[in-house]
$ cat final-v2.txt   # compact mmCIF, C-alpha atoms
# COMPACT_ATOMS: atom_id res chain seq x y z
CA MET A 1 -111.80 29.50 6.03
CA LEU A 2 -112.77 33.16 5.97
CA THR A 3 -111.52 35.29 8.82
CA ARG A 4 -113.79 37.91 10.34
CA LYS A 5 -111.89 40.61 8.46
CA ASP A 6 -112.26 38.73 5.16
CA PHE A 7 -115.99 38.41 5.85
CA LEU A 8 -116.28 42.16 6.38
CA ILE A 9 -114.46 42.78 3.11
CA LEU A 10 -116.84 40.50 1.26
CA ALA A 11 -119.88 41.91 3.01
CA SER A 12 -118.90 45.49 2.25
CA THR A 13 -118.25 44.72 -1.40
CA ALA A 14 -121.45 42.75 -1.92
CA PHE A 15 -123.54 45.41 -0.21
CA LEU A 16 -122.08 48.33 -2.11
CA THR A 17 -122.20 46.55 -5.45
CA ALA A 18 -125.82 45.56 -4.94
CA VAL A 19 -127.12 49.07 -4.38
CA GLY A 20 -126.87 49.96 -8.06
CA GLY A 21 -126.39 53.60 -8.98
CA LYS A 22 -127.04 55.09 -5.56
CA GLN A 23 -124.11 56.76 -3.85
CA ILE A 24 -123.66 55.82 -0.23
CA ARG A 25 -122.63 58.51 2.18
CA ALA A 26 -122.83 58.42 5.96
CA GLY A 27 -124.91 61.58 5.95
CA GLN A 28 -127.64 59.95 3.84
CA LEU A 29 -128.47 57.37 6.51
CA SER A 30 -130.79 58.09 9.41
CA SER A 31 -129.28 57.90 12.89
CA LYS A 32 -131.48 54.86 13.64
CA THR A 33 -130.30 53.08 10.48
CA LYS A 34 -126.67 53.79 11.35
CA SER A 35 -127.06 52.55 14.89
CA ASP A 36 -128.85 49.42 13.66
CA LEU A 37 -126.03 48.71 11.19
CA ASP A 38 -123.39 49.29 13.87
CA ARG A 39 -125.17 46.85 16.17
CA LEU A 40 -125.67 44.19 13.48
CA VAL A 41 -122.22 44.38 11.90
CA ASN A 42 -120.45 44.81 15.26
CA ILE A 43 -117.10 45.86 13.78
CA PRO A 44 -114.55 44.98 16.47
CA GLY A 45 -111.70 46.79 18.17
CA GLN A 46 -110.06 50.10 17.28
CA TYR A 47 -111.10 49.75 13.64
CA GLY A 48 -114.73 49.66 14.71
CA GLU A 49 -114.35 52.61 17.08
CA ASP A 50 -112.71 54.75 14.40
CA PHE A 51 -115.20 53.65 11.74
CA ASN A 52 -118.16 54.54 13.93
CA LYS A 53 -116.65 57.88 14.92
CA ALA A 54 -115.90 59.17 11.42
CA LYS A 55 -118.16 61.76 9.79
CA ILE A 56 -117.36 60.46 6.30
CA LYS A 57 -116.80 56.78 5.51
CA ALA A 58 -115.17 55.67 2.27
CA PHE A 59 -113.58 52.65 0.60
CA HIS A 60 -110.25 52.35 -1.23
CA LEU A 61 -109.80 49.48 -3.71
CA HIS A 62 -106.52 47.99 -4.98
CA ASN A 63 -105.66 44.62 -6.50
CA GLN A 64 -102.76 43.63 -4.25
CA PRO A 65 -103.04 41.18 -1.33
CA LYS A 66 -103.28 42.53 2.21
CA THR A 67 -99.68 41.40 2.91
CA SER A 68 -98.29 43.79 0.26
CA PRO A 69 -96.33 47.01 0.90
CA LEU A 70 -99.01 48.81 -1.11
CA HIS A 71 -101.78 47.73 1.27
CA GLU A 72 -99.68 48.52 4.32
CA SER A 73 -98.80 52.00 3.06
CA ILE A 74 -102.34 52.89 2.02
CA GLN A 75 -103.65 51.78 5.39
CA GLY A 76 -100.99 53.90 7.09
CA LEU A 77 -101.94 56.89 4.97
CA TRP A 78 -105.62 56.71 5.84
CA THR A 79 -104.96 56.08 9.53
CA GLU A 80 -102.93 59.27 9.68
CA VAL A 81 -105.53 61.20 7.67
CA PHE A 82 -108.17 60.08 10.17
CA LYS A 83 -106.08 61.33 13.08
CA ARG A 84 -105.05 64.63 11.49
CA THR A 85 -108.60 65.48 10.44
CA ASN A 86 -109.93 64.73 13.91
CA GLY A 87 -112.03 61.88 12.61
CA GLU A 88 -113.57 63.68 9.63
CA ILE A 89 -112.84 60.85 7.21
CA PHE A 90 -112.27 57.12 7.68
CA VAL A 91 -111.22 55.04 4.67
CA SER A 92 -111.47 51.24 4.67
CA VAL A 93 -108.89 49.66 2.35
CA LEU A 94 -110.12 46.65 0.35
CA PRO A 95 -107.27 44.45 -0.98
CA GLN A 96 -107.64 42.37 -4.15
CA ASP A 97 -110.30 44.85 -5.30
CA GLY A 98 -112.64 43.60 -2.56
CA LEU A 99 -112.88 40.32 -4.56
CA LEU A 100 -114.93 42.00 -7.28
CA PRO A 101 -115.48 39.49 -10.12
CA GLY A 102 -114.42 42.05 -12.74
CA SER A 103 -111.20 42.98 -10.92
CA ASP A 104 -109.55 46.32 -11.83
CA PRO A 105 -111.78 47.30 -14.78
CA GLN A 106 -114.87 46.89 -12.60
CA ALA A 107 -113.19 48.75 -9.74
CA ILE A 108 -112.54 51.73 -12.01
CA ARG A 109 -116.13 51.83 -13.16
CA LEU A 110 -117.50 51.57 -9.62
CA VAL A 111 -115.30 54.44 -8.43
CA ALA A 112 -116.21 56.60 -11.41
CA THR A 113 -119.91 56.09 -10.71
CA GLY A 114 -119.55 56.69 -6.97
CA LYS A 115 -120.24 53.22 -5.59
CA PHE A 116 -116.72 53.26 -4.18
CA GLU A 117 -114.64 56.35 -3.54
CA ILE A 118 -110.96 55.60 -4.26
CA VAL A 119 -108.98 53.14 -6.38
CA SER A 120 -105.27 52.55 -6.99
CA VAL A 121 -104.78 51.03 -10.42
CA ALA A 122 -101.94 50.28 -12.85
CA GLY A 123 -101.31 52.31 -15.98
CA PRO A 124 -102.13 49.53 -18.50
CA ILE A 125 -105.67 49.38 -17.12
CA LEU A 126 -106.11 53.08 -17.88
CA ASP A 127 -104.64 53.33 -21.35
CA GLN A 128 -108.02 53.06 -23.07
CA VAL A 129 -109.33 55.87 -20.83
CA CYS A 130 -106.52 58.42 -21.12
CA PRO A 131 -103.86 57.22 -23.59
CA GLU A 132 -102.80 60.83 -24.19
CA VAL A 133 -101.08 60.82 -20.77
CA ILE A 134 -101.01 57.42 -19.06
CA SER A 135 -99.21 55.71 -21.95
CA ILE A 136 -96.06 57.33 -20.58
CA GLN A 137 -96.07 54.52 -18.00
CA ASN A 138 -96.59 51.75 -20.56
CA PHE A 139 -93.48 51.96 -22.76
CA LEU A 140 -92.00 48.45 -22.61
CA PHE A 141 -88.21 48.01 -22.52
CA LEU A 142 -87.74 51.78 -22.22
CA TYR A 143 -87.31 52.25 -18.46
CA GLN A 144 -84.29 50.63 -16.85
CA SER A 145 -85.25 51.29 -13.25
CA VAL A 146 -88.03 52.49 -10.96
CA GLN A 147 -86.12 55.75 -10.55
CA ASP A 148 -86.32 56.37 -14.32
CA VAL A 149 -90.11 56.36 -14.04
CA TYR A 150 -90.48 58.58 -10.99
CA GLN A 151 -88.16 61.20 -12.46
CA ILE A 152 -90.93 61.69 -15.01
CA ILE A 153 -94.23 61.02 -13.24
CA ASN A 154 -93.41 62.95 -10.07
CA GLN A 155 -92.96 66.14 -12.05
CA PRO A 156 -95.87 68.52 -11.28
CA ILE A 157 -96.85 68.73 -14.96
CA PHE A 158 -97.62 64.99 -15.02
CA ALA A 159 -100.20 65.30 -12.25
CA GLU A 160 -101.67 68.37 -13.92
CA ILE A 161 -102.17 66.77 -17.33
CA LEU A 162 -103.32 63.41 -15.96
CA ASN A 163 -105.88 65.10 -13.72
CA ARG A 164 -107.09 67.20 -16.64
CA SER A 165 -107.44 64.06 -18.78
CA LEU A 166 -109.29 62.03 -16.13
CA SER A 167 -111.65 64.69 -14.82
CA LYS A 168 -114.16 64.07 -17.63
CA PHE A 169 -114.57 60.54 -16.24
CA ASN A 170 -115.28 61.89 -12.74
CA PHE A 171 -111.78 61.12 -11.37
CA LYS A 172 -109.36 63.23 -9.34
CA TYR A 173 -105.61 62.52 -9.36
CA LEU A 174 -103.21 64.19 -6.95
CA PRO A 175 -99.46 64.93 -7.30
CA ASN A 176 -97.31 62.05 -6.05
CA GLY A 177 -100.40 59.87 -6.22
CA THR A 178 -98.72 56.88 -7.87
CA PHE A 179 -97.38 54.03 -5.75
CA ASP A 180 -94.74 51.52 -6.87
CA ASN A 181 -94.91 47.82 -7.67
CA GLY A 182 -91.49 47.46 -9.30
CA MET A 183 -90.16 46.31 -12.63
CA ARG A 184 -92.05 43.62 -14.52
CA ALA A 185 -90.78 40.09 -15.14
CA VAL A 186 -92.12 37.18 -17.18
CA THR A 187 -93.02 33.93 -15.44
CA SER A 188 -93.33 31.02 -17.86
CA ILE A 189 -94.12 27.29 -17.86
CA GLU A 190 -91.43 24.61 -17.81
CA GLU A 191 -91.29 24.28 -21.60
CA LYS A 192 -90.83 28.01 -22.21
CA PRO A 193 -87.81 29.60 -20.52
CA ILE A 194 -86.74 33.01 -21.86
CA HIS A 195 -83.04 33.55 -22.48
CA SER A 196 -83.21 36.16 -25.23
CA LEU A 197 -85.67 38.25 -27.23
CA ASP A 198 -85.92 35.34 -29.69
CA ASP A 199 -87.80 33.34 -27.05
CA PHE A 200 -90.74 35.73 -27.31
CA GLN A 201 -91.42 34.30 -30.78
CA GLY A 202 -94.74 32.43 -30.63
CA LEU A 203 -94.96 32.74 -26.83
CA VAL A 204 -98.60 32.70 -25.71
CA ILE A 205 -98.51 35.28 -22.95
CA ARG A 206 -101.18 36.83 -20.77
CA ILE A 207 -101.16 40.64 -20.72
CA PRO A 208 -103.46 43.19 -19.07
CA PRO A 209 -106.19 44.86 -21.18
CA SER A 210 -103.75 47.33 -22.71
CA GLN A 211 -103.44 48.30 -26.36
CA ASP A 212 -99.88 49.49 -25.68
CA PHE A 213 -98.82 46.10 -24.30
CA LEU A 214 -100.68 44.28 -27.09
CA GLU A 215 -98.79 46.13 -29.83
CA ALA A 216 -95.41 45.70 -28.14
CA MET A 217 -95.78 41.97 -27.56
CA LYS A 218 -96.96 41.39 -31.11
CA ASP A 219 -93.94 43.26 -32.47
CA LEU A 220 -91.69 40.96 -30.44
CA GLY A 221 -93.39 38.00 -32.10
CA ALA A 222 -95.41 36.87 -29.09
CA ASN A 223 -99.06 35.81 -29.09
CA PRO A 224 -100.62 38.01 -26.37
CA LYS A 225 -103.91 37.09 -24.69
CA ILE A 226 -105.92 39.39 -22.43
CA PHE A 227 -107.32 38.12 -19.13
CA THR A 228 -108.16 39.92 -15.91
CA MET A 229 -105.80 39.48 -12.97
CA ASN A 230 -108.14 37.18 -11.08
CA GLU A 231 -108.15 34.79 -14.09
CA VAL A 232 -104.37 34.51 -14.48
CA TYR A 233 -103.76 31.56 -12.17
CA ASN A 234 -106.34 29.37 -13.87
CA VAL A 235 -105.40 30.23 -17.45
CA LEU A 236 -101.81 29.29 -16.64
CA LYS A 237 -102.86 26.15 -14.80
CA ASN A 238 -105.04 25.07 -17.74
CA ARG A 239 -102.31 26.02 -20.27
CA LEU A 240 -104.49 28.54 -22.08
CA VAL A 241 -101.34 30.68 -21.91
CA GLN A 242 -97.67 29.76 -21.46
CA ALA A 243 -96.56 32.85 -19.60
CA GLN A 244 -97.62 36.05 -17.89
CA GLU A 245 -95.79 39.28 -17.12
CA ASN A 246 -96.00 41.27 -13.89
CA PRO A 247 -93.83 42.42 -10.98
CA LEU A 248 -92.55 39.79 -8.55
CA SER A 249 -95.22 40.67 -5.99
CA ILE A 250 -97.85 39.27 -8.36
CA ALA A 251 -95.98 35.99 -8.79
CA LYS A 252 -95.94 35.58 -5.03
CA GLY A 253 -99.24 37.19 -4.05
CA PHE A 254 -101.26 35.26 -6.62
CA ASN A 255 -99.34 31.97 -6.15
CA LEU A 256 -98.16 31.91 -9.75
CA TYR A 257 -95.08 29.94 -8.74
CA GLU A 258 -97.44 26.96 -8.51
CA VAL A 259 -98.32 27.13 -12.21
CA THR A 260 -95.11 28.50 -13.78
CA LYS A 261 -91.49 27.35 -13.52
CA TYR A 262 -89.25 30.12 -14.84
CA LEU A 263 -88.77 33.56 -13.34
CA ASN A 264 -87.42 35.50 -16.32
CA ILE A 265 -85.97 38.80 -15.12
CA THR A 266 -86.72 40.77 -18.25
CA ASN A 267 -87.37 44.08 -16.43
CA HIS A 268 -89.31 44.92 -19.57
CA GLY A 269 -91.65 47.44 -18.01
CA TRP A 270 -92.60 49.22 -14.83
CA SER A 271 -95.74 48.75 -12.77
CA GLY A 272 -97.29 51.17 -10.32
CA TYR A 273 -100.64 52.16 -8.91
CA ASN A 274 -102.22 55.49 -9.79
CA THR A 275 -104.56 56.57 -7.00
CA LEU A 276 -107.81 58.04 -8.30
CA PHE A 277 -110.57 59.64 -6.24
CA ASN A 278 -114.18 59.85 -7.28
CA LEU A 279 -114.34 63.54 -8.16
CA ASP A 280 -117.70 64.16 -6.48
CA PHE A 281 -116.43 62.53 -3.30
CA TRP A 282 -113.24 64.61 -3.38
CA ASN A 283 -115.22 67.82 -3.80
CA GLN A 284 -117.36 66.95 -0.76
CA LEU A 285 -114.32 66.87 1.52
CA SER A 286 -113.44 69.97 3.50
CA SER A 287 -110.54 72.06 2.23
CA SER A 288 -108.55 71.12 5.34
CA ALA A 289 -109.08 67.39 4.67
CA GLN A 290 -108.04 67.85 1.03
CA LYS A 291 -104.92 69.71 2.18
CA THR A 292 -104.04 66.98 4.67
CA ILE A 293 -104.36 64.22 2.05
CA SER A 294 -102.32 66.21 -0.47
CA GLU A 295 -99.55 66.82 2.06
CA LEU A 296 -99.37 63.20 3.23
CA LEU A 297 -99.38 61.52 -0.20
CA PRO A 298 -95.73 62.36 -1.07
CA ILE A 299 -94.58 61.11 2.34
CA TYR A 300 -96.36 57.78 2.04
CA GLN A 301 -95.39 57.43 -1.61
CA ALA A 302 -91.68 57.73 -0.70
CA GLN A 303 -92.08 55.23 2.15
CA GLN A 304 -93.91 52.77 -0.06
CA ILE A 305 -91.32 52.95 -2.87
CA LYS A 306 -88.57 52.07 -0.38
CA LYS A 307 -90.61 49.24 1.19
CA GLN A 308 -91.50 47.84 -2.24
CA GLU A 309 -87.85 47.72 -3.31
CA GLU A 310 -86.91 45.85 -0.14
CA TYR A 311 -89.90 43.55 -0.55
CA ASN A 312 -89.05 42.75 -4.18
CA ASN A 313 -85.48 41.80 -3.22
CA LEU A 314 -86.82 39.41 -0.59
CA LEU A 315 -89.35 38.02 -3.06
CA TYR A 316 -86.67 37.16 -5.60
CA THR A 317 -84.85 35.10 -2.97
CA GLU A 318 -88.05 33.45 -1.78
CA LEU A 319 -89.34 32.60 -5.26
CA THR A 320 -86.04 31.13 -6.47
CA GLU A 321 -84.61 29.54 -3.31
CA LYS A 322 -87.71 28.45 -1.39
CA LEU A 323 -90.51 28.14 -3.93
CA GLY A 324 -88.57 26.39 -6.69
CA MET A 325 -88.65 28.90 -9.55
CA ILE A 326 -85.66 28.90 -11.90
CA PRO A 327 -84.32 32.41 -12.65
CA THR A 328 -83.13 33.55 -16.06
CA HIS A 329 -81.62 36.91 -16.98
CA PRO A 330 -82.38 37.44 -20.68
CA ASP A 331 -80.44 39.86 -22.82
CA CYS A 332 -83.10 42.36 -23.91
CA SER A 333 -80.77 45.22 -24.81
CA GLN A 334 -81.93 45.34 -28.44
CA ALA A 335 -85.62 45.61 -27.60
CA PRO A 336 -85.89 49.42 -27.93
CA GLN A 337 -84.65 49.21 -31.50
CA LYS A 338 -87.14 46.42 -32.30
CA LEU A 339 -89.99 48.45 -30.80
CA ILE A 340 -89.39 51.81 -32.47
CA ASN A 341 -92.58 51.52 -34.55
CA VAL A 342 -94.59 50.74 -31.40
CA TYR A 343 -92.93 53.67 -29.61
CA LYS A 344 -93.87 55.95 -32.52
CA SER A 345 -97.49 54.79 -32.33
CA MET A 346 -97.67 55.35 -28.57
CA TYR A 347 -95.88 58.69 -28.84
CA SER A 348 -98.33 59.91 -31.47
CA LYS A 349 -101.23 59.44 -29.02
CA LEU A 350 -99.65 61.58 -26.31
CA ASN A 351 -100.60 65.21 -25.83
CA THR A 352 -97.97 67.93 -26.18
CA GLU A 353 -97.04 68.10 -22.51
CA ALA A 354 -96.74 64.31 -22.18
CA LYS A 355 -94.53 64.19 -25.28
CA SER A 356 -92.16 66.70 -23.71
CA LEU A 357 -91.85 64.50 -20.62
CA ILE A 358 -90.97 61.26 -22.41
CA ARG A 359 -89.00 62.61 -25.40
CA PRO A 360 -85.52 62.84 -23.73
CA LEU A 361 -85.64 59.21 -22.58
CA LEU A 362 -86.89 58.00 -25.99
CA GLU A 363 -83.99 59.76 -27.69
CA THR A 364 -81.47 58.30 -25.24
CA ARG A 365 -82.71 54.69 -25.38
CA THR A 366 -83.39 54.46 -29.13
CA GLY A 367 -80.69 56.76 -30.46
CA VAL A 368 -83.33 58.33 -32.67
CA LYS A 369 -83.89 62.12 -32.72
CA ILE A 370 -87.19 62.22 -34.60
CA TRP A 371 -89.50 62.39 -31.60
$ encode --input "final-v2.txt" --output "structure tokens"
Amino acid sequence: MLTRKDFLILASTAFLTAVGGKQIRAGQLSSKTKSDLDRLVNIPGQYGEDFNKAKIKAFHLHNQPKTSPLHESIQGLWTEVFKRTNGEIFVSVLPQDGLLPGSDPQAIRLVATGKFEIVSVAGPILDQVCPEVISIQNFLFLYQSVQDVYQIINQPIFAEILNRSLSKFNFKYLPNGTFDNGMRAVTSIEEKPIHSLDDFQGLVIRIPPSQDFLEAMKDLGANPKIFTMNEVYNVLKNRLVQAQENPLSIAKGFNLYEVTKYLNITNHGWSGYNTLFNLDFWNQLSSSAQKTISELLPIYQAQQIKKQEEYNNLLYTELTEKLGMIPTHPDCSQAPQKLINVYKSMYSKLNTEAKSLIRPLLETRTGVKIW
């Protein structure tokens, strides 16, 4: 049964998707129309009071469930922005991409065209849009920890080059604008546990729509298939694939423990959420609001990283001890050597600044000095 909040999420998404190419801004509506909408929708409690008070109303999409540390942190961020800007901007956060049928790819398009204002999205979803920068996040079996990743992507030059790359698509990225989801693991059906790299041979595995992931999985001998996140449960249930790979929060949040048996702790990649603003929307904000958002992002990013780490530790216990998944800890130490050709291909797509960021880690992990 839908709760009132779930109904509002659905109603907001359906309404905004249906309006086509028109951008919706509070200032474009007549006072009578706004009052009529407020009366008809009757948004309850403090949320409704803040929503009605705000000069600018916006929506922030992400694909995680509302119980996730990502959702909690983003909501906290926008609540504080609302307070610090004296009600200038109120952002409603829509978990699971507001139940859009096209999931993340559709969310990106809708933000780029101004039907929504903000989206937090994983790197693999963006690697067709800006491979010259975002592919830094997509090197499989290169990063050994979350900290390895943030040492690179929290450098000011990363934000500068990613923003430069995305601006032509009407996006704005801010420093420290990437939230964490943790290291990726493979969940697989009962017949397909993973104990070593050899078990990737012939494995039919769902991956996100990423050329980087496609090349890497093929080089490991797997048979990768691309499906959107909202299709993953059913393709596993119907055995169209034998496995999928994502952080633990996906296995729990999307109930994948019901359709897979093994939790293979491969730690083969990192997953995070790059927060992108519609550029026109960003430019409409006052300089003080922009400054407030820019100052608060690093604070909420640090909080979210810590919460996500704690959450992932709890999830491992829950998935294996309460929800019946069987853990494996495959030896994947030789993967960087097996993937050197894929690394070379990905590296060749990067721009000069991005190459300088990833080169030291590539040299360390592969033992090769040709980068």
$ closest_atom_pairs --input "final-v2.txt" --of "stretch 63-120 of chain A" --to "stretch 124-143 of chain A" --cutoff "9 Å" --atoms "all atoms listed in the file" --output "tab-separated table"
residue	atom	partner	partner_atom	distance
A:Asp104	CA	A:Ile125	CA	7.2
A:Pro105	CA	A:Ile125	CA	6.9
A:Ile108	CA	A:Leu126	CA	8.8
$ residues_around --input "final-v2.txt" --residues "A:Met183" --least-positions-apart "6" --cutoff "6 Å" --atoms "all atoms listed in the file" --output "PyMOL selection string"
chain A and resi 247+267+269-270
$ residues_around --input "final-v2.txt" --residues "A:Ile226" --least-positions-apart "6" --cutoff "7 Å" --atoms "only C-alpha atoms" --output "MDAnalysis selection string"
chainID A and resid 206:209
$ write_last_selection --input "final-v2.txt" --atoms "C-alpha atoms" --output "mmCIF file, keeping the file's coordinate frame"
data_model
loop_
_atom_site.group_PDB
_atom_site.id
_atom_site.type_symbol
_atom_site.label_atom_id
_atom_site.label_comp_id
_atom_site.auth_asym_id
_atom_site.auth_seq_id
_atom_site.Cartn_x
_atom_site.Cartn_y
_atom_site.Cartn_z
ATOM 1 C CA ARG A 206 -101.180 36.830 -20.770
ATOM 2 C CA ILE A 207 -101.160 40.640 -20.720
ATOM 3 C CA PRO A 208 -103.460 43.190 -19.070
ATOM 4 C CA PRO A 209 -106.190 44.860 -21.180
#
$ closest_residue --input "final-v2.txt" --among "A:Ser73, A:Thr260, A:Ser145, A:Ser294" --to "A:Gly324" --atoms "all atoms listed in the file"
A:Thr260
$ closest_residue --input "final-v2.txt" --among "A:Gln201, A:Thr292, A:Gln304, A:Asn234" --to "A:Thr178" --atoms "all atoms listed in the file"
A:Gln304
$ residues_near_point --input "final-v2.txt" --point "(-100.2, 63.4, -6.9)" --cutoff "10 Å" --atoms "all atoms listed in the file" --output "ChimeraX atom specification"
/A:153-156,158-160,162-163,172-179,274-276,293-295,297-298,301
$ atom_distance --input "final-v2.txt" --atom1 "atom CA of A:Ile152" --atom2 "atom CA of A:Ser356"
10.1 Å
$ atom_distance --input "final-v2.txt" --atom1 "atom CA of A:Glu353" --atom2 "atom CA of A:Ile157"
7.6 Å
$ residues_around --input "final-v2.txt" --residues "stretch 362-367 of chain A" --least-positions-apart "2" --cutoff "10 Å" --atoms "all atoms listed in the file" --output "PyMOL selection string"
chain A and resi 139+141-144+333-340+343-344+347+355+357-360+369-371
$ closest_residue --input "final-v2.txt" --among "A:Asn264, A:Gln151, A:Asn313, A:Asn255" --to "A:Arg184" --atoms "only C-alpha atoms"
A:Asn264
$ closest_atom_pairs --input "final-v2.txt" --of "stretch 211-304 of chain A" --to "stretch 109-120 of chain A" --cutoff "10 Å" --atoms "all atoms listed in the file" --output "tab-separated table"
residue	atom	partner	partner_atom	distance
A:Gly272	CA	A:Ser120	CA	8.8
A:Tyr273	CA	A:Ser120	CA	5.0
A:Asn274	CA	A:Ser120	CA	5.1
A:Thr275	CA	A:Ser120	CA	4.1
A:Leu276	CA	A:Val119	CA	5.4
A:Phe277	CA	A:Ile118	CA	4.5
A:Asn278	CA	A:Glu117	CA	5.1
A:Leu279	CA	A:Ala112	CA	7.9
A:Asp280	CA	A:Gly114	CA	7.7
A:Phe281	CA	A:Glu117	CA	6.4
A:Trp282	CA	A:Glu117	CA	8.4
$ closest_residue --input "final-v2.txt" --among "A:Ser167, A:Asn230, A:Asn181, A:Asn238" --to "A:Lys307" --atoms "only C-alpha atoms"
A:Asn181
$ atom_distance --input "final-v2.txt" --atom1 "atom CA of A:Ala243" --atom2 "atom CA of A:Val186"
6.7 Å
$ residues_around --input "final-v2.txt" --residues "A:Ile74" --least-positions-apart "6" --cutoff "9 Å" --atoms "all atoms listed in the file" --output "MDAnalysis selection string"
chainID A and resid 60 93 300 304
$ write_last_selection --input "final-v2.txt" --atoms "C-alpha atoms" --output "PDB file, keeping the file's coordinate frame"
ATOM      1  CA  HIS A  60    -110.250  52.350  -1.230  1.00  0.00           C
ATOM      2  CA  VAL A  93    -108.890  49.660   2.350  1.00  0.00           C
ATOM      3  CA  TYR A 300     -96.360  57.780   2.040  1.00  0.00           C
ATOM      4  CA  GLN A 304     -93.910  52.770  -0.060  1.00  0.00           C
TER       5      GLN A 304
END
$ closest_residue --input "final-v2.txt" --among "A:Ser92, A:Gln308, A:Ser165, A:Val342" --to "A:Leu214" --atoms "only C-alpha atoms"
A:Val342
$ axis_aligned_box --input "final-v2.txt" --around "stretch 310-323 of chain A" --padding-each-side "4 Å" --output "JSON"
{"center_x": -87.6, "center_y": 37.0, "center_z": -3.3, "size_x": 13.9, "size_y": 25.7, "size_z": 14.3}
